[in-house]
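**Q** Provided below: entry.pdb, containing PDB, C-alpha atoms and all ligand atoms.
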ATOM      1  CA  MET H   1      -6.396 -12.931  30.982  1.00  0.00           C
ATOM      2  CA  ASP H   2      -7.516 -11.195  27.767  1.00  0.00           C
ATOM      3  CA  GLY H   3      -7.732 -14.278  25.575  1.00  0.00           C
ATOM      4  CA  HIS H   4      -5.798 -12.996  22.572  1.00  0.00           C
ATOM      5  CA  VAL H   5      -3.073 -14.721  20.576  1.00  0.00           C
ATOM      6  CA  ASP H   6      -0.441 -13.010  18.434  1.00  0.00           C
ATOM      7  CA  GLY H   7      -0.695 -12.346  14.703  1.00  0.00           C
ATOM      8  CA  ASN H   8       1.394 -15.374  13.832  1.00  0.00           C
ATOM      9  CA  SER H   9      -1.721 -17.445  14.461  1.00  0.00           C
ATOM     10  CA  LEU H  10      -3.132 -15.986  11.202  1.00  0.00           C
ATOM     11  CA  ALA H  11      -0.353 -17.449   9.063  1.00  0.00           C
ATOM     12  CA  GLY H  12      -2.456 -20.121   7.370  1.00  0.00           C
ATOM     13  CA  THR H  13      -5.683 -18.123   7.271  1.00  0.00           C
ATOM     14  CA  LEU H  14      -4.239 -14.908   5.878  1.00  0.00           C
ATOM     15  CA  SER H  15      -2.131 -16.617   3.235  1.00  0.00           C
ATOM     16  CA  GLU H  16      -5.273 -18.416   2.076  1.00  0.00           C
ATOM     17  CA  TYR H  17      -7.228 -15.159   1.664  1.00  0.00           C
ATOM     18  CA  LEU H  18      -4.381 -13.122   0.193  1.00  0.00           C
ATOM     19  CA  ARG H  19      -4.028 -15.480  -2.751  1.00  0.00           C
ATOM     20  CA  PHE H  20      -6.700 -14.014  -5.000  1.00  0.00           C
ATOM     21  CA  GLU H  21      -6.944 -11.996  -8.202  1.00  0.00           C
ATOM     22  CA  PRO H  22      -7.318  -8.453  -6.850  1.00  0.00           C
ATOM     23  CA  THR H  23      -9.129  -7.067  -9.880  1.00  0.00           C
ATOM     24  CA  THR H  24     -12.043  -9.424  -9.255  1.00  0.00           C
ATOM     25  CA  ALA H  25     -12.303  -8.436  -5.603  1.00  0.00           C
ATOM     26  CA  VAL H  26     -15.136  -6.054  -4.765  1.00  0.00           C
ATOM     27  CA  ALA H  27     -14.260  -2.932  -2.782  1.00  0.00           C
ATOM     28  CA  ARG H  28     -16.391  -0.448  -0.850  1.00  0.00           C
ATOM     29  CA  CYS H  29     -15.258   3.186  -1.070  1.00  0.00           C
ATOM     30  CA  ILE H  30     -15.055   4.833   2.353  1.00  0.00           C
ATOM     31  CA  ALA H  31     -15.798   8.276   0.896  1.00  0.00           C
ATOM     32  CA  CYS H  32     -19.002   7.608  -1.062  1.00  0.00           C
ATOM     33  CA  GLY H  33     -20.008   4.038  -0.296  1.00  0.00           C
ATOM     34  CA  ASP H  34     -19.735   2.869  -3.899  1.00  0.00           C
ATOM     35  CA  ILE H  35     -19.316  -0.895  -4.143  1.00  0.00           C
ATOM     36  CA  GLY H  36     -17.660  -2.325  -7.226  1.00  0.00           C
ATOM     37  CA  PRO H  37     -14.909  -4.509  -8.631  1.00  0.00           C
ATOM     38  CA  VAL H  38     -11.371  -3.173  -8.202  1.00  0.00           C
ATOM     39  CA  GLY H  39     -10.989  -3.774 -11.923  1.00  0.00           C
ATOM     40  CA  GLU H  40     -13.470  -0.942 -12.613  1.00  0.00           C
ATOM     41  CA  ALA H  41     -11.569   1.649 -10.552  1.00  0.00           C
ATOM     42  CA  MET H  42      -9.436   4.379 -12.195  1.00  0.00           C
ATOM     43  CA  VAL H  43      -5.664   3.864 -12.077  1.00  0.00           C
ATOM     44  CA  TYR H  44      -3.093   6.660 -12.381  1.00  0.00           C
ATOM     45  CA  GLY H  45       0.703   6.564 -12.383  1.00  0.00           C
ATOM     46  CA  GLY H  46       3.294   4.056 -13.480  1.00  0.00           C
ATOM     47  CA  ASP H  47       6.554   2.499 -12.351  1.00  0.00           C
ATOM     48  CA  GLN H  48       7.102   5.134  -9.647  1.00  0.00           C
ATOM     49  CA  GLY H  49       3.830   4.236  -7.981  1.00  0.00           C
ATOM     50  CA  ARG H  50       0.158   3.957  -8.724  1.00  0.00           C
ATOM     51  CA  VAL H  51      -2.926   5.507  -7.241  1.00  0.00           C
ATOM     52  CA  VAL H  52      -6.283   3.812  -7.631  1.00  0.00           C
ATOM     53  CA  ARG H  53      -9.314   6.091  -7.427  1.00  0.00           C
ATOM     54  CA  CYS H  54     -13.009   5.443  -6.971  1.00  0.00           C
ATOM     55  CA  ARG H  55     -14.928   5.207 -10.227  1.00  0.00           C
ATOM     56  CA  ARG H  56     -17.758   7.273  -8.760  1.00  0.00           C
ATOM     57  CA  CYS H  57     -16.291   9.993  -6.491  1.00  0.00           C
ATOM     58  CA  ASP H  58     -12.581  10.047  -7.473  1.00  0.00           C
ATOM     59  CA  ALA H  59     -11.396   9.488  -3.871  1.00  0.00           C
ATOM     60  CA  VAL H  60      -8.184   7.514  -3.434  1.00  0.00           C
ATOM     61  CA  LEU H  61      -9.013   3.876  -2.747  1.00  0.00           C
ATOM     62  CA  LEU H  62      -5.502   2.513  -2.599  1.00  0.00           C
ATOM     63  CA  SER H  63      -1.938   3.249  -3.570  1.00  0.00           C
ATOM     64  CA  ILE H  64       0.983   1.060  -4.532  1.00  0.00           C
ATOM     65  CA  VAL H  65       4.445   2.526  -3.960  1.00  0.00           C
ATOM     66  CA  PRO H  66       7.686   0.659  -4.663  1.00  0.00           C
ATOM     67  CA  THR H  67      10.488   1.415  -2.193  1.00  0.00           C
ATOM     68  CA  THR H  68      14.005   0.107  -1.809  1.00  0.00           C
ATOM     69  CA  GLU H  69      12.806  -2.133   1.014  1.00  0.00           C
ATOM     70  CA  GLY H  70       9.664  -3.487  -0.634  1.00  0.00           C
ATOM     71  CA  THR H  71       6.340  -2.434  -2.074  1.00  0.00           C
ATOM     72  CA  ARG H  72       3.945  -0.475   0.102  1.00  0.00           C
ATOM     73  CA  LEU H  73       0.269  -1.147  -0.410  1.00  0.00           C
ATOM     74  CA  GLN H  74      -1.983   1.376   1.276  1.00  0.00           C
ATOM     75  CA  LEU H  75      -5.722   0.689   1.383  1.00  0.00           C
ATOM     76  CA  ARG H  76      -6.776   3.871   3.145  1.00  0.00           C
ATOM     77  CA  GLY H  77      -9.882   4.495   1.044  1.00  0.00           C
ATOM     78  CA  VAL H  78     -11.270   0.959   1.127  1.00  0.00           C
ATOM     79  CA  ALA H  79     -13.821   0.124   3.810  1.00  0.00           C
ATOM     80  CA  TRP H  80     -13.607  -3.542   2.928  1.00  0.00           C
ATOM     81  CA  LEU H  81     -12.571  -5.936   0.194  1.00  0.00           C
ATOM     82  CA  GLN H  82     -14.789  -8.859  -0.679  1.00  0.00           C
ATOM     83  CA  ILE H  83     -12.770 -11.737  -2.071  1.00  0.00           C
ATOM     84  CA  PRO H  84     -14.640 -13.947  -4.519  1.00  0.00           C
TER      85      PRO H  84
HETATM   86 ZN    ZN H 101     -16.171   6.781  -3.908  1.00  0.00          ZN
END
Just give me the structure of the file as structure tokens.

**A**
Amino acid sequence: MDGHVDGNSLAGTLSEYLRFEPTTAVARCIACGDIGPVGEAMVYGGDQGRVVRCRRCDAVLLSIVPTTEGTRLQLRGVAWLQIP
């Protein structure tokens, strides 16, 4: 008995936390440790996809790529997001 439940148990909790204004969230850059509002990061690209880079070290924090099946949000450069 390992005591876990499946991800469906997060339905209420996750939907509560994912309803926030992302630009006011505070992110920590994995590469340099900078901590700051997403709204102060540097954004490149346009309709084909966007890359958001750290304001201090230029590392990729996250990317947003539209596909035919949905939008892919990759947060590979974010250690954590603090939701206000
Ligand atoms: Zn950085």

**Q** Measuring atom to atom with all atoms listed in the file, identify which of H:Val52, H:Cys32, H:Leu73, H:Leu62 is nearest to ligand ZN 101 (chain H).

**A**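 Closest candidate: H:Cys32.
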
**Q** Kindly indicate which residue among H:Gly46, H:Gly36, H:Gly12, H:Pro22 lies nearest to ligand ZN 101 (chain H), using all atoms listed in the file for the distances.

**A**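 Once distances to ligand ZN 101 (chain H) are computed over all atoms listed in the file, the minimum belongs to H:Gly36.
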
**Q** Just how far from atom CA of Leu14 of chain H is atom CA of Gln48 of chain H, in Å to one decimal?

**A** 27.8 Å

**Q** At a cut-off of 8 Å, can you tabulate as a tab-separated table every residue of chain H near ligand ZN 101 (chain H) together with its closest atom pair and the distance in Å to one decimal, using only C-alpha atoms and all ligand atoms and ordering rows by chain then number?

**A**
residue	atom	partner	partner_atom	distance
H:Arg28	CA	H:ZN101	ZN	7.9
H:Cys29	CA	H:ZN101	ZN	4.7
H:Ile30	CA	H:ZN101	ZN	6.7
H:Ala31	CA	H:ZN101	ZN	5.0
H:Cys32	CA	H:ZN101	ZN	4.1
H:Gly33	CA	H:ZN101	ZN	5.9
H:Asp34	CA	H:ZN101	ZN	5.3
H:Arg53	CA	H:ZN101	ZN	7.7
H:Cys54	CA	H:ZN101	ZN	4.6
H:Arg55	CA	H:ZN101	ZN	6.6
H:Arg56	CA	H:ZN101	ZN	5.1
H:Cys57	CA	H:ZN101	ZN	4.1
H:Asp58	CA	H:ZN101	ZN	6.0
H:Ala59	CA	H:ZN101	ZN	5.5
H:Leu61	CA	H:ZN101	ZN	7.8

**Q** What lies within 8 Å of segment 37-39 of chain H using all atoms listed in the file, ignoring chain neighbours under 4 positions off, as a PyMOL selection string?

**A** chain H and resi 22-27

**Q** Work out where the centre of an axis-aligned box around every listed atom of segment 33-52 of chain H lies and how long its edges are once 4 Å is added on each side; give both in Å to one decimal as AutoDock Vina command-line options.

**A**
--center_x -6.5 --center_y 1.1 --center_z -6.9 --size_x 35.1 --size_y 19.2 --size_z 21.2

**Q** Return the single residue from H:Leu18, H:Val78, H:Val5, H:Leu10 that is closest to Ala41 of chain H, with distances computed using only C-alpha atoms.

**A**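 Checking each of H:Leu18, H:Val78, H:Val5, H:Leu10 against Ala41 of chain H, counting only C-alpha atoms, the winner is H:Val78.
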
**Q** Quote the spacing between atom CA of Ala79 of chain H and atom CA of Tyr17 of chain H in Å to one decimal place.

**A**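 Interatomic distance here is 16.8 Å.
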
**Q** Between H:Gly77, H:Pro66, H:Gly3, H:Pro84, which residue has the minimum interatomic distance to Gly49 of chain H, considering all atoms listed in the file?

**A**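 With all atoms listed in the file as the atom set, the closest residue is H:Pro66.
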
**Q** Expressed in Å to a single decimal, how great is the separation between atom CA of Asp47 of chain H and atom CA of Val65 of chain H?

**A**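 Rounded to one decimal, the two atoms are 8.7 Å apart.
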
**Q** Using all atoms listed in the file, find the one residue out of H:Glu40, H:Phe20, H:Ser63, H:Arg50 that sits nearest to Gln82 of chain H.

**A**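 Answer, going by the shortest atom-to-atom distance: H:Phe20.
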
**Q** Check the smallest atom-to-atom distance from each of H:Thr13, H:Glu21, H:Gly7, H:Asp2 to Leu81 of chain H using all atoms listed in the file, then report the winner.

**A**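 Using all atoms listed in the file, Leu81 of chain H sits closest to H:Glu21.
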